[in-house]
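Data from data_14.cif: mmCIF, C-alpha atoms
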```
data_upload
#
loop_
_atom_site.label_atom_id
_atom_site.label_comp_id
_atom_site.auth_asym_id
_atom_site.auth_seq_id
_atom_site.Cartn_x
_atom_site.Cartn_y
_atom_site.Cartn_z
CA VAL A 1 158.18 126.40 137.00
CA ARG A 2 159.99 128.71 134.62
CA THR A 3 157.91 129.97 131.73
CA ARG A 4 158.83 131.68 128.50
CA PHE A 5 157.48 135.06 127.48
CA THR A 6 154.26 134.61 125.51
CA SER A 7 153.54 131.29 127.24
CA THR A 8 150.19 132.73 128.24
CA VAL A 9 147.48 134.19 126.06
CA GLU A 10 147.65 137.40 128.05
CA GLU A 11 151.34 137.79 127.24
CA GLN A 12 150.66 137.06 123.57
CA LEU A 13 148.00 139.75 123.50
CA GLU A 14 150.32 142.19 125.27
CA ILE A 15 153.09 141.85 122.69
CA ILE A 16 150.68 141.89 119.72
CA GLU A 17 149.11 145.09 121.06
CA LYS A 18 152.55 146.70 121.56
CA PHE A 19 153.38 146.19 117.89
CA ASN A 20 150.06 147.78 116.93
CA ASP A 21 150.41 146.41 113.41
CA PRO A 22 147.86 144.23 111.59
CA ALA A 23 150.72 142.08 110.28
CA VAL A 24 151.52 140.89 113.83
CA VAL A 25 149.18 138.03 114.63
CA ALA A 26 149.07 134.83 116.69
CA CYS A 27 150.00 131.24 115.98
CA TRP A 28 148.13 128.74 118.15
CA ASP A 29 150.26 125.75 119.11
CA PHE A 30 148.09 122.91 120.38
CA GLY A 31 150.90 121.31 122.39
CA HIS A 32 151.82 124.52 124.19
CA GLY A 33 148.13 125.35 124.53
CA LYS A 34 147.47 122.04 126.23
CA ILE A 35 150.30 122.54 128.72
CA SER A 36 149.31 126.14 129.49
CA ASN A 37 145.56 125.49 129.58
CA PRO A 38 144.98 122.03 131.11
CA ASP A 39 141.24 122.69 131.45
CA GLY A 40 140.86 123.13 127.70
CA GLN A 41 142.17 125.33 124.95
CA ILE A 42 139.03 126.85 123.48
CA ASN A 43 138.55 129.56 126.11
CA ALA A 44 142.19 130.58 125.69
CA MET A 45 141.87 130.65 121.89
CA LYS A 46 138.73 132.78 122.23
CA LYS A 47 140.79 135.47 123.99
CA LEU A 48 142.95 135.74 120.87
CA GLY A 49 139.92 135.55 118.59
CA SER A 50 140.56 136.64 115.03
CA LEU A 51 144.26 137.23 115.80
CA VAL A 52 144.84 133.47 115.39
CA LYS A 53 146.06 133.19 111.80
CA CYS A 54 148.01 129.92 111.86
CA LEU A 55 148.12 126.68 113.79
CA HIS A 56 150.77 124.22 114.93
CA VAL A 57 148.75 121.03 114.99
CA HIS A 58 149.84 118.01 116.99
CA ASP A 59 148.59 115.87 119.84
CA SER A 60 149.83 115.20 123.36
CA VAL A 61 148.95 113.00 126.29
CA SER A 62 147.94 114.86 129.45
CA PHE A 63 149.72 112.66 131.95
CA PHE A 64 153.09 113.29 130.26
CA GLU A 65 152.68 117.03 130.98
CA ARG A 66 154.85 117.92 128.01
CA ASP A 67 154.58 118.79 124.36
CA CYS A 68 154.67 115.35 122.68
CA HIS A 69 154.27 116.29 118.98
CA LEU A 70 152.13 113.24 118.27
CA PRO A 71 149.90 112.92 115.20
CA ILE A 72 146.31 114.00 115.80
CA TYR A 73 144.14 111.30 117.40
CA PHE A 74 147.26 109.67 118.93
CA GLY A 75 146.86 111.57 122.20
CA ASP A 76 143.94 112.86 124.23
CA GLU A 77 143.26 116.30 122.76
CA LYS A 78 139.59 117.05 122.03
CA TRP A 79 140.00 117.60 118.30
CA GLU A 80 136.36 117.75 117.27
CA GLU A 81 135.68 120.50 119.83
CA ASN A 82 138.70 122.51 118.70
CA VAL A 83 137.83 122.23 115.00
CA LYS A 84 134.20 123.12 115.71
CA TYR A 85 135.35 126.29 117.49
CA LEU A 86 137.79 127.17 114.71
CA LYS A 87 135.07 126.80 112.07
CA GLU A 88 132.59 128.84 114.12
CA SER A 89 135.18 131.57 114.67
CA GLY A 90 135.81 131.88 110.93
CA TYR A 91 139.41 130.68 111.10
CA ASP A 92 140.80 130.63 107.57
CA GLY A 93 144.51 130.18 108.17
CA LYS A 94 146.86 127.30 107.65
CA PHE A 95 146.70 123.85 109.24
CA THR A 96 150.38 123.08 109.87
CA TYR A 97 151.47 119.81 111.43
CA GLU A 98 154.23 119.93 114.00
CA VAL A 99 155.06 116.24 114.31
CA GLY A 100 158.25 114.25 114.30
CA TYR A 101 159.42 111.50 111.99
CA ALA A 102 163.17 111.33 112.65
CA VAL A 103 163.04 107.85 114.18
CA LEU A 104 161.08 106.29 111.32
CA PRO A 105 162.92 104.17 108.78
CA ASP A 106 163.08 105.93 105.40
CA ASN A 107 160.81 103.34 103.76
CA LEU A 108 157.94 104.33 106.10
CA ILE A 109 158.03 108.12 105.71
CA ASP A 110 155.73 108.21 102.67
CA ASP A 111 153.19 105.99 104.46
CA TYR A 112 153.41 108.19 107.55
CA ALA A 113 152.87 111.34 105.49
CA SER A 114 149.87 109.69 103.82
CA LEU A 115 148.43 108.80 107.23
CA LEU A 116 148.91 112.38 108.46
CA TYR A 117 147.12 113.66 105.36
CA LYS A 118 144.18 111.28 105.91
CA LEU A 119 143.98 112.15 109.61
CA GLY A 120 143.82 115.85 108.74
CA LYS A 121 141.15 115.33 106.08
CA THR A 122 139.11 113.30 108.59
CA LEU A 123 139.49 115.97 111.24
CA ILE A 124 138.23 118.79 109.04
CA GLY A 125 135.42 116.64 107.63
CA GLU A 126 136.80 116.13 104.14
CA ASP A 127 137.47 112.41 104.38
CA ASN A 128 135.47 111.44 101.31
#
```
Represent the structure of the file as structure tokens.
Amino acid sequence: VRTRFTSTVEEQLEIIEKFNDPAVVACWDFGHGKISNPDGQINAMKKLGSLVKCLHVHDSVSFFERDCHLPIYFGDEKWEENVKYLKESGYDGKFTYEVGYAVLPDNLIDDYASLLYKLGKTLIGEDN
């Protein structure tokens, strides 16, 4: 299987260290993380620690073995565990969805965006 440079946490750390600049940080992509770390993402994220400053948030389904870009809770990622770790680690970066909508009819896009917003609020415990 061909990989891309920085597909592993170790490669990410290597390039971040080579820059030796506090402005060079890591973005954790949950789809790529799932593919690269099938036994769970938390231990891999821990290796990056406080270098994780942004997230690409989306779900996947393990048996597809690819990056599906599904809304959270639509796949089989362990979201509560990931969010618990992020909170415990002091993560204070952005929560950026990386999901598709190109196949939706235009009249459903606002409803889809509203659902994504509610899913995110539920995930981070602000679903009041």
Matched chain/residue IDs from the PyMOL selection byres ((chain A and resi 80-89) around 8), as an NGL selection string: :A and (41-42 or 49-50 or 78-79 or 90-91 or 123-124)
Axis-aligned box for all listed atoms of range 109-123 of chain A, 5 Å per side, centre and edges in Å to one decimal, as AutoDock Vina command-line options:
```
--center_x 148.6 --center_y 111.0 --center_z 107.0 --size_x 28.9 --size_y 20.0 --size_z 18.6
```
One-decimal distance in Å that lies between CA of Phe63 in chain A and CA of Lys121 in chain A: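 According to the coordinates, CA of Lys121 in chain A and CA of Phe63 in chain A are separated by 27.4 Å.
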Picked residues, the PyMOL selection byres ((chain A and resi 74) around 10), expected as a PyMOL selection string: chain A and resi 58-61+69-73+75-77
Please save C-alpha atoms of the selected residues as a tab-separated table (two decimals), in the coordinates of the input.
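This is the output file again12.tsv:
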```tsv
chain	number	residue	atom	x	y	z
A	58	HIS	CA	149.84	118.01	116.99
A	59	ASP	CA	148.59	115.87	119.84
A	60	SER	CA	149.83	115.20	123.36
A	61	VAL	CA	148.95	113.00	126.29
A	69	HIS	CA	154.27	116.29	118.98
A	70	LEU	CA	152.13	113.24	118.27
A	71	PRO	CA	149.90	112.92	115.20
A	72	ILE	CA	146.31	114.00	115.80
A	73	TYR	CA	144.14	111.30	117.40
A	75	GLY	CA	146.86	111.57	122.20
A	76	ASP	CA	143.94	112.86	124.23
A	77	GLU	CA	143.26	116.30	122.76
```
Separation of CA of Gly33 in chain A from CA of Cys54 in chain A, in Å and rounded to one decimal: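 CA of Cys54 in chain A lies 13.5 Å from CA of Gly33 in chain A.
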Output of the PyMOL selection byres ((chain A and resi 44) around 12), listed as a PyMOL selection string: chain A and resi 7-13+28-30+32-43+45-49+52+82+85
Given all atoms listed in the file as the counted atoms, nearest of A:Asp92, A:Gly31, A:Ala102, A:Tyr112 to Cys68 in chain A: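 With all atoms listed in the file as the atom set, the closest residue is A:Gly31.
Here CA of His56 in chain A stands at a distance of 22.9 Å from CA of Leu108 in chain A.
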Selected residue of minimal separation from Ala23 in chain A among A:Leu51, A:Leu115, A:Val57, A:Val99, counting all atoms listed in the file: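 Distance minimum relative to Ala23 in chain A lands on A:Leu51.
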Incomplete range 8-33 of chain A brought to N, CA and C atoms, written out as a PDB file, keeping the file's coordinate frame:
```pdb
ATOM      1  N   THR A   8     151.607 132.549 127.946  1.00  0.00           N
ATOM      2  CA  THR A   8     150.190 132.730 128.240  1.00  0.00           C
ATOM      3  C   THR A   8     149.533 133.578 127.163  1.00  0.00           C
ATOM      4  N   VAL A   9     148.244 133.406 127.032  1.00  0.00           N
ATOM      5  CA  VAL A   9     147.480 134.190 126.060  1.00  0.00           C
ATOM      6  C   VAL A   9     147.595 135.682 126.381  1.00  0.00           C
ATOM      7  N   GLU A  10     147.556 135.999 127.650  1.00  0.00           N
ATOM      8  CA  GLU A  10     147.650 137.400 128.050  1.00  0.00           C
ATOM      9  C   GLU A  10     148.966 138.034 127.588  1.00  0.00           C
ATOM     10  N   GLU A  11     150.054 137.275 127.703  1.00  0.00           N
ATOM     11  CA  GLU A  11     151.340 137.790 127.240  1.00  0.00           C
ATOM     12  C   GLU A  11     151.370 137.905 125.711  1.00  0.00           C
ATOM     13  N   GLN A  12     150.746 136.962 125.026  1.00  0.00           N
ATOM     14  CA  GLN A  12     150.660 137.060 123.570  1.00  0.00           C
ATOM     15  C   GLN A  12     149.917 138.324 123.164  1.00  0.00           C
ATOM     16  N   LEU A  13     148.786 138.550 123.810  1.00  0.00           N
ATOM     17  CA  LEU A  13     148.000 139.750 123.500  1.00  0.00           C
ATOM     18  C   LEU A  13     148.797 141.020 123.791  1.00  0.00           C
ATOM     19  N   GLU A  14     149.531 141.022 124.892  1.00  0.00           N
ATOM     20  CA  GLU A  14     150.320 142.190 125.270  1.00  0.00           C
ATOM     21  C   GLU A  14     151.341 142.546 124.191  1.00  0.00           C
ATOM     22  N   ILE A  15     152.061 141.541 123.691  1.00  0.00           N
ATOM     23  CA  ILE A  15     153.090 141.850 122.690  1.00  0.00           C
ATOM     24  C   ILE A  15     152.460 142.209 121.345  1.00  0.00           C
ATOM     25  N   ILE A  16     151.364 141.553 120.979  1.00  0.00           N
ATOM     26  CA  ILE A  16     150.680 141.890 119.720  1.00  0.00           C
ATOM     27  C   ILE A  16     150.187 143.336 119.771  1.00  0.00           C
ATOM     28  N   GLU A  17     149.612 143.717 120.910  1.00  0.00           N
ATOM     29  CA  GLU A  17     149.110 145.090 121.060  1.00  0.00           C
ATOM     30  C   GLU A  17     150.246 146.109 121.014  1.00  0.00           C
ATOM     31  N   LYS A  18     151.409 145.766 121.576  1.00  0.00           N
ATOM     32  CA  LYS A  18     152.550 146.700 121.560  1.00  0.00           C
ATOM     33  C   LYS A  18     153.038 146.975 120.138  1.00  0.00           C
ATOM     34  N   PHE A  19     152.986 145.970 119.286  1.00  0.00           N
ATOM     35  CA  PHE A  19     153.380 146.190 117.890  1.00  0.00           C
ATOM     36  C   PHE A  19     152.369 147.084 117.175  1.00  0.00           C
ATOM     37  N   ASN A  20     151.104 146.954 117.524  1.00  0.00           N
ATOM     38  CA  ASN A  20     150.060 147.780 116.930  1.00  0.00           C
ATOM     39  C   ASN A  20     150.149 147.780 115.400  1.00  0.00           C
ATOM     40  N   ASP A  21     150.259 146.561 114.847  1.00  0.00           N
ATOM     41  CA  ASP A  21     150.410 146.410 113.410  1.00  0.00           C
ATOM     42  C   ASP A  21     149.586 145.201 112.984  1.00  0.00           C
ATOM     43  N   PRO A  22     148.706 145.346 112.000  1.00  0.00           N
ATOM     44  CA  PRO A  22     147.860 144.230 111.590  1.00  0.00           C
ATOM     45  C   PRO A  22     148.640 143.017 111.067  1.00  0.00           C
ATOM     46  N   ALA A  23     149.916 143.206 110.756  1.00  0.00           N
ATOM     47  CA  ALA A  23     150.720 142.080 110.280  1.00  0.00           C
ATOM     48  C   ALA A  23     151.195 141.185 111.434  1.00  0.00           C
ATOM     49  N   VAL A  24     151.088 141.669 112.663  1.00  0.00           N
ATOM     50  CA  VAL A  24     151.520 140.890 113.830  1.00  0.00           C
ATOM     51  C   VAL A  24     150.296 140.165 114.379  1.00  0.00           C
ATOM     52  N   VAL A  25     150.324 138.860 114.248  1.00  0.00           N
ATOM     53  CA  VAL A  25     149.180 138.030 114.630  1.00  0.00           C
ATOM     54  C   VAL A  25     149.657 136.870 115.501  1.00  0.00           C
ATOM     55  N   ALA A  26     148.760 135.940 115.788  1.00  0.00           N
ATOM     56  CA  ALA A  26     149.070 134.830 116.690  1.00  0.00           C
ATOM     57  C   ALA A  26     149.088 133.491 115.954  1.00  0.00           C
ATOM     58  N   CYS A  27     149.978 132.630 116.406  1.00  0.00           N
ATOM     59  CA  CYS A  27     150.000 131.240 115.980  1.00  0.00           C
ATOM     60  C   CYS A  27     149.602 130.404 117.190  1.00  0.00           C
ATOM     61  N   TRP A  28     148.564 129.597 117.047  1.00  0.00           N
ATOM     62  CA  TRP A  28     148.130 128.740 118.150  1.00  0.00           C
ATOM     63  C   TRP A  28     148.833 127.394 118.021  1.00  0.00           C
ATOM     64  N   ASP A  29     149.560 127.032 119.056  1.00  0.00           N
ATOM     65  CA  ASP A  29     150.260 125.750 119.110  1.00  0.00           C
ATOM     66  C   ASP A  29     149.490 124.851 120.075  1.00  0.00           C
ATOM     67  N   PHE A  30     148.941 123.774 119.556  1.00  0.00           N
ATOM     68  CA  PHE A  30     148.090 122.910 120.380  1.00  0.00           C
ATOM     69  C   PHE A  30     148.851 122.209 121.498  1.00  0.00           C
ATOM     70  N   GLY A  31     150.114 121.919 121.315  1.00  0.00           N
ATOM     71  CA  GLY A  31     150.900 121.310 122.390  1.00  0.00           C
ATOM     72  C   GLY A  31     151.147 122.292 123.513  1.00  0.00           C
ATOM     73  N   HIS A  32     151.590 123.497 123.168  1.00  0.00           N
ATOM     74  CA  HIS A  32     151.820 124.520 124.190  1.00  0.00           C
ATOM     75  C   HIS A  32     150.494 124.913 124.830  1.00  0.00           C
ATOM     76  N   GLY A  33     149.446 124.996 123.997  1.00  0.00           N
ATOM     77  CA  GLY A  33     148.130 125.350 124.530  1.00  0.00           C
ATOM     78  C   GLY A  33     147.632 124.347 125.539  1.00  0.00           C
TER      79      GLY A  33
END
```
